[in-house]
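Structure file structure.json (JSON, C-alpha atoms and all ligand atoms) follows.
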[["chain", "number", "residue", "atom", "x", "y", "z"],
["A", 1, "MET", "CA", 167.51, 18.86, 71.69],
["A", 2, "SER", "CA", 165.18, 21.67, 70.67],
["A", 3, "GLU", "CA", 161.87, 20.83, 69.07],
["A", 4, "HIS", "CA", 163.13, 22.21, 65.76],
["A", 5, "THR", "CA", 166.48, 20.43, 65.62],
["A", 6, "PRO", "CA", 166.45, 17.63, 63.03],
["A", 7, "GLU", "CA", 166.50, 14.30, 64.89],
["A", 8, "LEU", "CA", 169.73, 12.96, 63.36],
["A", 9, "THR", "CA", 171.80, 16.10, 63.93],
["A", 10, "GLY", "CA", 175.29, 15.17, 65.10],
["A", 11, "ARG", "CA", 175.02, 11.58, 63.76],
["A", 12, "ARG", "CA", 177.34, 10.21, 61.09],
["A", 13, "ALA", "CA", 175.73, 7.70, 58.74],
["A", 14, "LEU", "CA", 177.24, 5.44, 56.08],
["A", 15, "VAL", "CA", 175.00, 4.01, 53.36],
["A", 16, "THR", "CA", 176.36, 1.36, 50.98],
["A", 17, "GLY", "CA", 175.00, 1.26, 47.45],
["A", 18, "ALA", "CA", 173.87, 4.86, 47.86],
["A", 19, "THR", "CA", 174.50, 5.85, 44.25],
["A", 20, "SER", "CA", 171.02, 4.80, 43.12],
["A", 21, "GLY", "CA", 167.61, 3.44, 44.08],
["A", 22, "ILE", "CA", 166.83, 2.69, 47.73],
["A", 23, "GLY", "CA", 170.34, 3.62, 48.91],
["A", 24, "ALA", "CA", 170.22, 7.07, 47.28],
["A", 25, "ALA", "CA", 166.75, 7.74, 48.71],
["A", 26, "THR", "CA", 168.00, 6.63, 52.14],
["A", 27, "ALA", "CA", 171.06, 8.89, 51.94],
["A", 28, "ARG", "CA", 168.82, 11.86, 51.05],
["A", 29, "HIS", "CA", 166.37, 11.01, 53.85],
["A", 30, "LEU", "CA", 169.06, 10.69, 56.54],
["A", 31, "ALA", "CA", 170.72, 13.94, 55.40],
["A", 32, "ALA", "CA", 167.37, 15.75, 55.36],
["A", 33, "HIS", "CA", 166.97, 14.72, 59.01],
["A", 34, "GLY", "CA", 170.33, 16.17, 59.97],
["A", 35, "ALA", "CA", 172.83, 13.31, 59.59],
["A", 36, "GLU", "CA", 176.22, 13.74, 57.95],
["A", 37, "VAL", "CA", 176.11, 11.05, 55.27],
["A", 38, "ILE", "CA", 178.86, 8.99, 53.63],
["A", 39, "VAL", "CA", 177.60, 7.84, 50.25],
["A", 40, "VAL", "CA", 179.28, 4.57, 49.18],
["A", 41, "GLY", "CA", 179.21, 3.05, 45.69],
["A", 42, "ARG", "CA", 181.41, 2.14, 42.77],
["A", 43, "ASP", "CA", 180.52, 4.91, 40.33],
["A", 44, "ASP", "CA", 182.13, 8.34, 40.85],
["A", 45, "ALA", "CA", 179.69, 10.25, 38.63],
["A", 46, "ARG", "CA", 176.57, 8.80, 40.22],
["A", 47, "GLY", "CA", 178.09, 9.26, 43.68],
["A", 48, "ALA", "CA", 178.84, 12.91, 42.94],
["A", 49, "ALA", "CA", 175.27, 13.43, 41.67],
["A", 50, "VAL", "CA", 173.78, 12.03, 44.91],
["A", 51, "VAL", "CA", 176.09, 14.20, 47.03],
["A", 52, "ARG", "CA", 175.24, 17.30, 44.96],
["A", 53, "ARG", "CA", 171.50, 16.72, 45.38],
["A", 54, "ILE", "CA", 171.97, 16.43, 49.17],
["A", 55, "THR", "CA", 174.19, 19.50, 49.50],
["A", 56, "ASP", "CA", 171.91, 21.54, 47.19],
["A", 57, "ALA", "CA", 169.11, 20.76, 49.65],
["A", 58, "GLY", "CA", 171.25, 22.04, 52.54],
["A", 59, "GLY", "CA", 172.51, 18.67, 53.81],
["A", 60, "THR", "CA", 176.01, 17.30, 54.42],
["A", 61, "ALA", "CA", 177.40, 14.36, 52.44],
["A", 62, "ARG", "CA", 180.51, 13.02, 50.78],
["A", 63, "PHE", "CA", 181.17, 10.16, 48.41],
["A", 64, "VAL", "CA", 183.63, 7.34, 49.09],
["A", 65, "ARG", "CA", 184.19, 4.89, 46.25],
["A", 66, "ALA", "CA", 184.28, 1.25, 47.32],
["A", 67, "ASP", "CA", 183.29, -2.09, 45.90],
["A", 68, "VAL", "CA", 182.08, -3.72, 49.09],
["A", 69, "GLY", "CA", 182.38, -7.15, 47.47],
["A", 70, "ASP", "CA", 186.16, -6.78, 47.91],
["A", 71, "PRO", "CA", 187.32, -7.18, 51.55],
["A", 72, "ALA", "CA", 190.43, -5.03, 50.95],
["A", 73, "GLN", "CA", 188.21, -2.14, 49.86],
["A", 74, "ILE", "CA", 186.14, -2.51, 53.05],
["A", 75, "THR", "CA", 189.34, -2.10, 55.07],
["A", 76, "ALA", "CA", 190.17, 1.05, 53.08],
["A", 77, "LEU", "CA", 186.59, 2.34, 53.46],
["A", 78, "ARG", "CA", 186.79, 1.94, 57.25],
["A", 79, "GLN", "CA", 189.93, 4.12, 57.31],
["A", 80, "GLU", "CA", 188.49, 6.71, 54.95],
["A", 81, "ALA", "CA", 185.11, 6.96, 56.70],
["A", 82, "GLY", "CA", 186.20, 7.09, 60.36],
["A", 83, "ASP", "CA", 183.73, 6.27, 63.14],
["A", 84, "ILE", "CA", 180.02, 6.28, 62.38],
["A", 85, "ASP", "CA", 176.77, 6.10, 64.36],
["A", 86, "ILE", "CA", 174.50, 4.63, 61.67],
["A", 87, "LEU", "CA", 175.36, 1.88, 59.17],
["A", 88, "VAL", "CA", 172.93, 1.01, 56.37],
["A", 89, "ASN", "CA", 173.89, -2.22, 54.60],
["A", 90, "ASN", "CA", 172.01, -1.62, 51.36],
["A", 91, "ALA", "CA", 174.38, -2.57, 48.50],
["A", 92, "GLY", "CA", 173.19, -5.71, 46.84],
["A", 93, "PHE", "CA", 172.05, -7.27, 43.62],
["A", 94, "ALA", "CA", 169.91, -10.07, 42.30],
["A", 95, "LEU", "CA", 170.89, -12.44, 39.54],
["A", 96, "TRP", "CA", 168.07, -14.73, 38.46],
["A", 97, "ALA", "CA", 168.85, -17.98, 36.66],
["A", 98, "PRO", "CA", 167.99, -21.67, 36.90],
["A", 99, "THR", "CA", 170.01, -23.43, 39.60],
["A", 100, "GLU", "CA", 171.41, -26.05, 37.23],
["A", 101, "THR", "CA", 173.03, -23.40, 35.01],
["A", 102, "PHE", "CA", 173.71, -20.70, 37.63],
["A", 103, "PRO", "CA", 177.36, -19.68, 37.07],
["A", 104, "ARG", "CA", 179.55, -20.39, 40.06],
["A", 105, "GLU", "CA", 181.18, -16.94, 39.83],
["A", 106, "ASP", "CA", 177.71, -15.34, 40.04],
["A", 107, "LEU", "CA", 176.94, -17.40, 43.14],
["A", 108, "GLU", "CA", 180.18, -16.25, 44.73],
["A", 109, "ALA", "CA", 179.61, -12.61, 43.70],
["A", 110, "THR", "CA", 176.09, -12.70, 45.19],
["A", 111, "TRP", "CA", 177.46, -14.02, 48.45],
["A", 112, "ALA", "CA", 180.39, -11.56, 48.48],
["A", 113, "THR", "CA", 178.21, -8.44, 48.14],
["A", 114, "ASN", "CA", 174.94, -9.48, 49.78],
["A", 115, "VAL", "CA", 176.31, -11.42, 52.79],
["A", 116, "ARG", "CA", 180.07, -11.20, 53.28],
["A", 117, "ALA", "CA", 180.12, -7.40, 52.82],
["A", 118, "PRO", "CA", 177.53, -6.64, 55.55],
["A", 119, "PHE", "CA", 179.37, -9.07, 57.86],
["A", 120, "LEU", "CA", 182.76, -7.40, 57.28],
["A", 121, "LEU", "CA", 181.29, -3.88, 57.47],
["A", 122, "VAL", "CA", 179.66, -4.62, 60.82],
["A", 123, "ALA", "CA", 182.90, -6.17, 62.07],
["A", 124, "ALA", "CA", 184.78, -3.04, 60.99],
["A", 125, "PHE", "CA", 182.39, -0.34, 62.23],
["A", 126, "VAL", "CA", 180.68, -1.82, 65.30],
["A", 127, "PRO", "CA", 183.62, -1.62, 67.75],
["A", 128, "ALA", "CA", 183.42, 2.20, 67.85],
["A", 129, "MET", "CA", 179.62, 2.05, 68.21],
["A", 130, "LEU", "CA", 179.97, -0.39, 71.12],
["A", 131, "GLU", "CA", 182.54, 1.86, 72.74],
["A", 132, "ASN", "CA", 180.10, 4.79, 72.48],
["A", 133, "LYS", "CA", 177.27, 2.51, 73.69],
["A", 134, "ASN", "CA", 175.21, 3.89, 70.82],
["A", 135, "GLY", "CA", 174.61, 2.81, 67.27],
["A", 136, "ALA", "CA", 172.00, 1.71, 64.76],
["A", 137, "ILE", "CA", 172.55, -0.80, 61.99],
["A", 138, "VAL", "CA", 169.88, -1.24, 59.32],
["A", 139, "ASN", "CA", 170.17, -4.05, 56.80],
["A", 140, "ILE", "CA", 168.22, -4.03, 53.55],
["A", 141, "GLY", "CA", 166.90, -7.55, 53.16],
["A", 142, "SER", "CA", 164.02, -8.64, 50.95],
["A", 143, "ILE", "CA", 160.70, -10.43, 51.11],
["A", 144, "ALA", "CA", 162.45, -12.80, 48.66],
["A", 145, "ALA", "CA", 164.04, -14.34, 51.79],
["A", 146, "ASP", "CA", 160.63, -15.79, 52.70],
["A", 147, "LEU", "CA", 159.15, -16.54, 49.27],
["A", 148, "GLY", "CA", 159.96, -19.49, 47.03],
["A", 149, "MET", "CA", 160.53, -17.88, 43.62],
["A", 150, "SER", "CA", 161.75, -19.92, 40.68],
["A", 151, "GLY", "CA", 165.18, -18.69, 39.54],
["A", 152, "ALA", "CA", 165.84, -16.67, 42.68],
["A", 153, "ALA", "CA", 167.47, -19.38, 44.83],
["A", 154, "ALA", "CA", 170.85, -17.65, 45.24],
["A", 155, "TYR", "CA", 169.37, -14.21, 45.84],
["A", 156, "SER", "CA", 166.70, -15.45, 48.27],
["A", 157, "ALA", "CA", 169.28, -17.44, 50.24],
["A", 158, "SER", "CA", 171.58, -14.42, 50.46],
["A", 159, "LYS", "CA", 168.77, -12.27, 51.87],
["A", 160, "ALA", "CA", 167.68, -15.02, 54.30],
["A", 161, "ALA", "CA", 171.29, -15.05, 55.53],
["A", 162, "LEU", "CA", 171.14, -11.29, 56.09],
["A", 163, "HIS", "CA", 167.90, -11.66, 58.07],
["A", 164, "ALA", "CA", 169.64, -14.31, 60.21],
["A", 165, "LEU", "CA", 172.65, -12.05, 60.75],
["A", 166, "THR", "CA", 170.26, -9.34, 61.96],
["A", 167, "ARG", "CA", 168.90, -11.58, 64.73],
["A", 168, "ALA", "CA", 172.36, -12.80, 65.77],
["A", 169, "TRP", "CA", 173.77, -9.26, 65.87],
["A", 170, "ALA", "CA", 170.78, -8.02, 67.89],
["A", 171, "ALA", "CA", 171.64, -10.68, 70.49],
["A", 172, "GLU", "CA", 175.35, -9.93, 70.33],
["A", 173, "PHE", "CA", 175.24, -6.13, 70.56],
["A", 174, "GLY", "CA", 171.90, -5.30, 72.24],
["A", 175, "GLY", "CA", 173.31, -5.20, 75.77],
["A", 176, "ARG", "CA", 175.92, -2.70, 74.62],
["A", 177, "GLY", "CA", 173.69, -0.04, 73.05],
["A", 178, "VAL", "CA", 173.69, -1.05, 69.39],
["A", 179, "ARG", "CA", 170.41, -1.94, 67.71],
["A", 180, "VAL", "CA", 170.26, -4.01, 64.52],
["A", 181, "ASN", "CA", 167.19, -4.35, 62.29],
["A", 182, "THR", "CA", 166.27, -5.34, 58.76],
["A", 183, "VAL", "CA", 163.93, -3.62, 56.34],
["A", 184, "ALA", "CA", 162.59, -6.18, 53.86],
["A", 185, "PRO", "CA", 161.22, -4.44, 50.78],
["A", 186, "GLY", "CA", 158.79, -5.93, 48.31],
["A", 187, "PRO", "CA", 158.88, -4.70, 44.72],
["A", 188, "VAL", "CA", 160.47, -1.24, 44.46],
["A", 189, "ARG", "CA", 160.90, 1.01, 41.42],
["A", 190, "THR", "CA", 164.71, 1.02, 40.96],
["A", 191, "SER", "CA", 167.19, -0.14, 38.34],
["A", 192, "MET", "CA", 167.18, -3.61, 39.94],
["A", 193, "GLY", "CA", 165.20, -6.47, 38.46],
["A", 194, "ASP", "CA", 163.20, -7.02, 35.31],
["A", 195, "PRO", "CA", 160.42, -4.37, 35.45],
["A", 196, "GLU", "CA", 157.89, -6.97, 34.22],
["A", 197, "VAL", "CA", 158.71, -9.37, 37.10],
["A", 198, "VAL", "CA", 158.64, -6.47, 39.58],
["A", 199, "GLU", "CA", 155.15, -5.52, 38.30],
["A", 200, "GLN", "CA", 153.99, -9.16, 38.58],
["A", 201, "ILE", "CA", 155.10, -9.37, 42.22],
["A", 202, "ALA", "CA", 153.40, -6.03, 42.90],
["A", 203, "ALA", "CA", 150.15, -7.20, 41.27],
["A", 204, "ALA", "CA", 149.96, -10.04, 43.83],
["A", 205, "ALA", "CA", 150.23, -7.61, 46.78],
["A", 206, "PRO", "CA", 147.13, -6.19, 48.51],
["A", 207, "LEU", "CA", 148.22, -2.64, 47.65],
["A", 208, "GLY", "CA", 148.67, -3.73, 44.02],
["A", 209, "ARG", "CA", 151.51, -1.39, 43.09],
["A", 210, "VAL", "CA", 155.28, -1.05, 43.09],
["A", 211, "ALA", "CA", 156.86, 1.00, 45.94],
["A", 212, "GLU", "CA", 158.92, 4.15, 45.42],
["A", 213, "PRO", "CA", 162.43, 4.08, 46.99],
["A", 214, "GLU", "CA", 161.42, 6.93, 49.33],
["A", 215, "GLU", "CA", 158.79, 4.66, 50.92],
["A", 216, "ILE", "CA", 161.56, 2.25, 51.95],
["A", 217, "ALA", "CA", 163.82, 5.09, 53.14],
["A", 218, "GLU", "CA", 161.08, 6.26, 55.55],
["A", 219, "LEU", "CA", 161.37, 3.07, 57.61],
["A", 220, "VAL", "CA", 165.18, 3.03, 57.41],
["A", 221, "GLY", "CA", 165.18, 6.57, 58.80],
["A", 222, "PHE", "CA", 162.87, 5.57, 61.65],
["A", 223, "LEU", "CA", 165.00, 2.52, 62.55],
["A", 224, "ALA", "CA", 168.15, 4.67, 62.45],
["A", 225, "SER", "CA", 166.63, 7.19, 64.87],
["A", 226, "ASP", "CA", 166.04, 7.15, 68.61],
["A", 227, "ARG", "CA", 162.31, 6.99, 67.94],
["A", 228, "SER", "CA", 162.77, 3.24, 67.43],
["A", 229, "GLY", "CA", 164.81, 2.87, 70.63],
["A", 230, "TYR", "CA", 163.06, -0.35, 71.77],
["A", 231, "ILE", "CA", 163.21, -2.13, 68.39],
["A", 232, "THR", "CA", 166.06, -4.53, 67.68],
["A", 233, "GLY", "CA", 166.38, -7.87, 65.91],
["A", 234, "ALA", "CA", 163.30, -7.13, 63.83],
["A", 235, "THR", "CA", 162.72, -7.77, 60.15],
["A", 236, "LEU", "CA", 160.01, -5.41, 58.98],
["A", 237, "ASP", "CA", 158.37, -5.86, 55.58],
["A", 238, "VAL", "CA", 157.63, -2.82, 53.41],
["A", 239, "ASP", "CA", 155.89, -4.78, 50.70],
["A", 240, "GLY", "CA", 152.37, -3.52, 50.11],
["A", 241, "GLY", "CA", 151.20, -6.57, 52.08],
["A", 242, "ARG", "CA", 152.71, -9.12, 49.65],
["A", 243, "ASN", "CA", 154.17, -11.30, 52.38],
["A", 244, "ALA", "CA", 150.89, -11.38, 54.28],
["A", 245, "VAL", "CA", 148.79, -13.08, 51.58],
["B", 301, "LIG", "N1", 164.24, -3.03, 43.95],
["B", 301, "LIG", "C1", 163.61, -3.98, 44.59],
["B", 301, "LIG", "O1", 162.51, -4.39, 44.17],
["B", 301, "LIG", "C2", 164.18, -4.57, 45.86],
["B", 301, "LIG", "C3", 163.36, -5.42, 46.61],
["B", 301, "LIG", "C4", 163.89, -5.98, 47.78],
["B", 301, "LIG", "C5", 165.16, -5.69, 48.19],
["B", 301, "LIG", "N2", 165.95, -4.85, 47.43],
["B", 301, "LIG", "C6", 167.31, -4.61, 47.90],
["B", 301, "LIG", "O2", 167.53, -3.22, 48.01],
["B", 301, "LIG", "C7", 168.93, -2.95, 47.90],
["B", 301, "LIG", "C8", 169.13, -1.79, 46.94],
["B", 301, "LIG", "O3", 168.72, -2.17, 45.65],
["B", 301, "LIG", "P1", 167.98, -1.18, 44.63],
["B", 301, "LIG", "O4", 166.68, -1.80, 44.30],
["B", 301, "LIG", "O5", 168.02, 0.20, 45.13],
["B", 301, "LIG", "O6", 168.90, -1.40, 43.35],
["B", 301, "LIG", "P2", 169.84, -0.43, 42.52],
["B", 301, "LIG", "O7", 169.13, 0.80, 42.11],
["B", 301, "LIG", "O8", 170.42, -1.32, 41.47],
["B", 301, "LIG", "O9", 170.96, -0.03, 43.57],
["B", 301, "LIG", "C9", 171.93, -0.93, 43.99],
["B", 301, "LIG", "C10", 173.05, -0.15, 44.59],
["B", 301, "LIG", "O10", 173.99, -1.07, 45.12],
["B", 301, "LIG", "C11", 175.27, -0.67, 44.69],
["B", 301, "LIG", "N3", 176.15, -1.81, 44.64],
["B", 301, "LIG", "C12", 175.92, -3.03, 44.09],
["B", 301, "LIG", "N4", 176.97, -3.83, 44.25],
["B", 301, "LIG", "C13", 177.89, -3.10, 44.96],
["B", 301, "LIG", "C14", 179.17, -3.36, 45.44],
["B", 301, "LIG", "N5", 179.76, -4.55, 45.26],
["B", 301, "LIG", "N6", 179.83, -2.39, 46.12],
["B", 301, "LIG", "C15", 179.26, -1.18, 46.32],
["B", 301, "LIG", "N7", 178.04, -0.87, 45.88],
["B", 301, "LIG", "C16", 177.37, -1.82, 45.20],
["B", 301, "LIG", "C17", 175.08, 0.01, 43.36],
["B", 301, "LIG", "O11", 176.11, 0.98, 43.24],
["B", 301, "LIG", "P3", 177.04, 1.25, 41.96],
["B", 301, "LIG", "O12", 176.53, 0.38, 40.84],
["B", 301, "LIG", "O13", 176.97, 2.70, 41.70],
["B", 301, "LIG", "O14", 178.36, 0.86, 42.45],
["B", 301, "LIG", "C18", 173.76, 0.72, 43.58],
["B", 301, "LIG", "O15", 173.94, 1.98, 44.18],
["B", 301, "LIG", "C19", 169.58, -4.27, 47.46],
["B", 301, "LIG", "O16", 170.19, -4.89, 48.57],
["B", 301, "LIG", "C20", 168.41, -5.10, 46.98],
["B", 301, "LIG", "O17", 168.65, -6.48, 47.10],
["B", 301, "LIG", "C21", 165.48, -4.29, 46.27]]

Kindly return the structure encoded in the file as structure tokens.
Ligand SMILES: NC(=O)c1ccc[n+]([C@@H]2O[C@H](COP(=O)([O-])OP(=O)(O)OC[C@H]3O[C@@H](n4cnc5c(N)ncnc54)[C@H](OP(=O)(O)O)[C@@H]3O)[C@@H](O)[C@H]2O)c1
Amino acid sequence: MSEHTPELTGRRALVTGATSGIGAATARHLAAHGAEVIVVGRDDARGAAVVRRITDAGGTARFVRADVGDPAQITALRQEAGDIDILVNNAGFALWAPTETFPREDLEATWATNVRAPFLLVAAFVPAMLENKNGAIVNIGSIAADLGMSGAAAYSASKAALHALTRAWAAEFGGRGVRVNTVAPGPVRTSMGDPEVVEQIAAAAPLGRVAEPEEIAELVGFLASDRSGYITGATLDVDGGRNAV
């Protein structure tokens, strides 16, 4: 590869939940570094806007609509997307409520999107990566996996499960050329979460501010690239130091 060739040239990446926030920033970052990006989300208009911004900047991207909480749509997505080299399991959401009144359907929806979807996506896409003896999977976890936060039991447990999947998959696939890591953000400026709560969490961090989605995408891009070739099974916090204090 020449010194001037973008490092992800020739790689195909799929980013779930890429129609806004961290996923959109990640899709733009991977495309800017040469990857062909499949933008996945549920909203056609927002998907088209992300693709347009990437192509306007000279990158390559296309949108595939899928609700990853529905296993049948994951099967269809696998067919539509074809083989990929990079999978970013980013789609997710947080519903905060007291445990005693937490609606059962919300618990099941949290599990379906935040845990079952990454599991089924890896099961669907990893065989081709293993065959090529090359692949990078990056999961978007959360520092909420390690913090006891009142009202966040379901969300925190779902992210702790994703961190556990990361370690198991690193063991399962590492000998066959596929690396698996988690980026665990702290408070990030996106449409997720009550902005007041996000600011409160940020105020308790040494850096004392909320992150921009691009600051999370930087680490995802590194973990997706060959520059992180000896890193697997890791959960790396991008949290302004919140988890350290
Ligand atoms: N913001 C934070 O402070 C923070 C902190 C730690 C971790 N995270 C994690 O970062 C990830 C991204 O969140 P964000 O902050 O960027 O929030 P966001 O702006 O609300 O983006 C969430 C994305 O996920 C997509 N999505 C949700 N459910 C989906 C489903 N069932 N199928 C397909 N796409 C789905 C949404 O797409 P559509 O609505 O267009 O379908 C949207 O693009 C999440 O996993 C979240 O838990 C966020």

From the list A:Thr60, A:Asn243, A:Thr99, A:Thr232, the nearest residue to ligand LIG 301 (chain B) using only C-alpha atoms and all ligand atoms is A:Asn243

Could you give me the residues within 7 Å of ligand LIG 301 (chain B), counting only C-alpha atoms and all ligand atoms, as a PyMOL selection string?
chain A and resi 16-23+40-43+46-47+66-69+90-94+113-114+140-143+184-193+198

Contacts of Ala123 (chain A) within 12 Å, all atoms listed in the file, excl. fewer than 2 positions in-chain, as an NGL selection string: :A and (71 or 74-75 or 78 or 87 or 116-121 or 125-130 or 137 or 165 or 169 or 172-173)

For a test of reading the model, state the distance in Å between CA of Ala211 (chain A) and CA of Arg52 (chain A), rounded to one decimal.
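CA of Arg52 (chain A) lies 24.6 Å from CA of Ala211 (chain A).
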
### Query
Got a sec: who's within 8 Å of region 24-39 of chain A, counting only C-alpha atoms, leaving out chain neighbours fewer than 4 positions off, as an MDAnalysis selection string?
chainID A and resid 6:20 47 50:51 53:54 57:64 81 213:214 216:218 220:221

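Here CA of Val138 (chain A) and CA of Ala203 (chain A) stand 27.4 Å from one another.
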
*A:Ala124, A:Ala136, A:Ala48, A:Ala97 ranked by distance to Ala170 (chain A), top pick (using only C-alpha atoms)*: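 When distances to Ala170 (chain A) are compared using only C-alpha atoms, the smallest one comes from A:Ala136.
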
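Residue nearest Trp111 (chain A), chosen from A:Met149, A:Ala72, A:Ala154, A:Gly82 and counting only C-alpha atoms: A:Ala154.
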
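Between CA of Asp85 (chain A) and CA of Ala109 (chain A) the interatomic distance comes to 28.0 Å.
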
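Restricting the calculation to only C-alpha atoms, the smallest distance between Ala168 (chain A) and any of A:Ala234, A:Ser150, A:Glu196, A:Gly229 is found for A:Ala234.
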
Closest of A:Arg242, A:Arg167, A:Lys159, A:Arg65 to Ala205 (chain A), counting only C-alpha atoms, is A:Arg242

Item to check | Distance criterion (all atoms listed in the file): nearest to Ile201 (chain A) out of A:Ala153, A:Ala144, A:Leu236, A:Ile231 | outcome: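 Ranking A:Ala153, A:Ala144, A:Leu236, A:Ile231 by distance to Ile201 (chain A), first place goes to A:Ala144.
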
Might I get the box with edges along x, y and z of the file that holds all atoms of region 22-29 of chain A listed there, padded by 4 Å on every side, given as centre and edge lengths in Å to one decimal, as JSON?
{"center_x": 168.7, "center_y": 7.3, "center_z": 50.6, "size_x": 12.7, "size_y": 17.2, "size_z": 14.6}
